[in-house]
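See structure below.
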Amino acid sequence: MQPHERIIVALDVPALPEAERLAGLLAGKVGLFKVGLELVGAAGPEAVRRLAAAGHRVFWDAKLHDIPNTVAGGAAAVGRAGATMFTVHSLGGRTMIAAAREAVEAFSPRPLVLAVTLLTSMNEQTLAEVGIAGPVGERVPALARLAQEAGADGVIASPHEVRAVRAACGSGFLIVTPGVRPSGEAAGDQRRVATPAEALAAGADYLVIGRPITRAANPAAAAAAIGQEMAQA
């Protein structure tokens with residue numbers, strides 16, 4: 001892939017017309033567009049269908065986490081909408097992840113199943129609050145290995161855990177990395193962050209970047225600058 005094709009732009013906007021406007025501005029300048037809770041809450045699955053129908057590759061950040069049968073139904077809906085990849089929560093367990101993978105096998109091309117390990121807003125304190133023992137650096141690769149064994153194509157992991165995930169899961173396993181901020185950008189509400197160069201050097205395949213691009217005065221120029229930073233990494 002070219003460096004810019006590794007960029008996934010997070011379309012965390014409150015309305016579909018704004019998402020379509022941004023996607024039009026950035027078409028050919030980035031690899032995929034992430035549709036998450038905010039946009040689906042405003043426009044429903046139609047947001048994914050419309051963007052996919054326009055020729056954009058869509059990462060539906062569905063974060064499916066329920067009983068296996070329900071997750072299978074949700075995964076099938078993802079496939080029908082035309083998403084390129086989607087997320088489930090690794091904390092849902094082996095059987096749930098396997099159900100998601102099985103539910104999309106019949107689609108061509110098959111949507112890639114990515115398991116969220118731990119959210120980039122979490123640290124040891126928040127893990128303790130929800131009763132998960134052990135440091136983040138140990139839990140993330142363990143959850144990634146579980147997801148791989150259950151049939152996931154890759155995981156979502158912060159830049160700080162990429163090396164450990166790569167060591168645990170090997171070179172053929174996709175790592176999609178949120179919490180990426182270009183040099184000089186504030187971390188915002190995320191705690192485990194890194195620059196694009198740092199994330200790529202650690203072994204990430206795709207970088208999820210939202211506000212530094214979507215809230216820039218010139219989103220296309222911002223994406224190009226990040227792509228250049230990645231090319232120099």
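We label chains A, B, ... in the order they appear in the structure tokens, count residues from 1 in each chain, and number ligands from 1 in the order shown.
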Pro14 (chain A): which residues within 8 Å, counting only C-alpha atoms, same-chain residues fewer than 6 positions away excluded, as a ChimeraX atom specification? /A:38-39,42
Restrict the selected residues to N, CA and C atoms and save them as a PDB file, in the first residue's frame.
```
ATOM      1  N   GLU A  38     -21.651   7.936  16.400  1.00  0.00           N
ATOM      2  CA  GLU A  38     -22.298   9.233  16.195  1.00  0.00           C
ATOM      3  C   GLU A  38     -23.042   9.281  14.866  1.00  0.00           C
ATOM      4  N   LEU A  39     -22.374   8.868  13.787  1.00  0.00           N
ATOM      5  CA  LEU A  39     -22.991   8.951  12.468  1.00  0.00           C
ATOM      6  C   LEU A  39     -24.099   7.918  12.292  1.00  0.00           C
ATOM      7  N   ALA A  42     -27.161   9.031  13.986  1.00  0.00           N
ATOM      8  CA  ALA A  42     -27.873  10.099  13.291  1.00  0.00           C
ATOM      9  C   ALA A  42     -28.547   9.612  12.011  1.00  0.00           C
TER      10      ALA A  42
END
```
Given only C-alpha atoms as the counted atoms, nearest of A:Ala52, A:Ile97, A:Ala103, A:Ile132 to Ala77 (chain A): A:Ala103
Counting only C-alpha atoms, which of A:Pro182, A:Gly41, A:Gly73, A:Pro159 gets nearest to Glu102 (chain A)? A:Gly73
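Using only C-alpha atoms, the smallest distance between any of A:Gly131, A:Gly179, A:Pro196, A:Gly203 and Arg163 (chain A) comes from A:Gly203.
Here CA of Pro141 (chain A) is placed at a distance of 18.3 Å from CA of Lys63 (chain A).
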For Val155 (chain A), please output as a PyMOL selection string all residues within 8 Å (counting only C-alpha atoms; exclusion window: fewer than 2 positions along the same chain). chain A and resi 114-117+144+147+152-153+157+173-176
Write the residues of the preceding selection, restricted to N, CA and C atoms, as an mmCIF file, in the first residue's frame.
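Output below, filename again.cif:
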```cif
data_model
loop_
_atom_site.group_PDB
_atom_site.id
_atom_site.type_symbol
_atom_site.label_atom_id
_atom_site.label_comp_id
_atom_site.auth_asym_id
_atom_site.auth_seq_id
_atom_site.Cartn_x
_atom_site.Cartn_y
_atom_site.Cartn_z
ATOM 1 N N LEU A 114 -12.555 -7.251 12.743
ATOM 2 C CA LEU A 114 -11.524 -6.698 13.613
ATOM 3 C C LEU A 114 -12.035 -6.679 15.037
ATOM 4 N N ALA A 115 -11.234 -7.162 15.965
ATOM 5 C CA ALA A 115 -11.638 -7.214 17.366
ATOM 6 C C ALA A 115 -11.018 -6.052 18.134
ATOM 7 N N VAL A 116 -11.854 -5.298 18.829
ATOM 8 C CA VAL A 116 -11.365 -4.252 19.722
ATOM 9 C C VAL A 116 -10.736 -4.944 20.929
ATOM 10 N N THR A 117 -9.501 -4.599 21.238
ATOM 11 C CA THR A 117 -8.861 -5.172 22.433
ATOM 12 C C THR A 117 -9.308 -4.348 23.646
ATOM 13 N N ALA A 144 -5.766 -10.083 21.805
ATOM 14 C CA ALA A 144 -5.503 -10.181 20.366
ATOM 15 C C ALA A 144 -5.304 -11.630 19.947
ATOM 16 N N ALA A 147 -8.632 -13.359 19.850
ATOM 17 C CA ALA A 147 -9.392 -12.985 18.662
ATOM 18 C C ALA A 147 -8.865 -13.691 17.424
ATOM 19 N N ALA A 152 -10.783 -13.863 13.846
ATOM 20 C CA ALA A 152 -10.712 -12.445 13.482
ATOM 21 C C ALA A 152 -9.549 -12.214 12.521
ATOM 22 N N ASP A 153 -9.710 -11.226 11.656
ATOM 23 C CA ASP A 153 -8.664 -10.874 10.697
ATOM 24 C C ASP A 153 -7.624 -9.930 11.291
ATOM 25 N N ALA A 157 -5.855 -1.811 18.266
ATOM 26 C CA ALA A 157 -4.953 -1.699 19.413
ATOM 27 C C ALA A 157 -4.247 -0.354 19.373
ATOM 28 N N PHE A 173 -1.443 -10.708 10.545
ATOM 29 C CA PHE A 173 -2.597 -10.285 11.328
ATOM 30 C C PHE A 173 -2.689 -8.763 11.294
ATOM 31 N N LEU A 174 -3.833 -8.219 10.868
ATOM 32 C CA LEU A 174 -3.973 -6.773 10.736
ATOM 33 C C LEU A 174 -4.023 -6.084 12.096
ATOM 34 N N ILE A 175 -3.352 -4.951 12.177
ATOM 35 C CA ILE A 175 -3.435 -4.113 13.369
ATOM 36 C C ILE A 175 -3.877 -2.724 12.925
ATOM 37 N N VAL A 176 -5.046 -2.324 13.382
ATOM 38 C CA VAL A 176 -5.597 -0.999 13.098
ATOM 39 C C VAL A 176 -5.440 -0.170 14.367
#
```
Of the listed residues A:Asn218, A:Ile7, A:Ile156, A:Val162, that which approaches Leu25 (chain A) most closely, counting only C-alpha atoms: A:Asn218
Residues of chain A classed as helix (DSSP H, G or I) by DSSP on the backbone are to be reported as a PyMOL selection string. chain A and resi 3-6+16-26+37-43+46-53+68-81+90-92+94-103+124-129+136-149+159-169+196-202+211-214+219-231
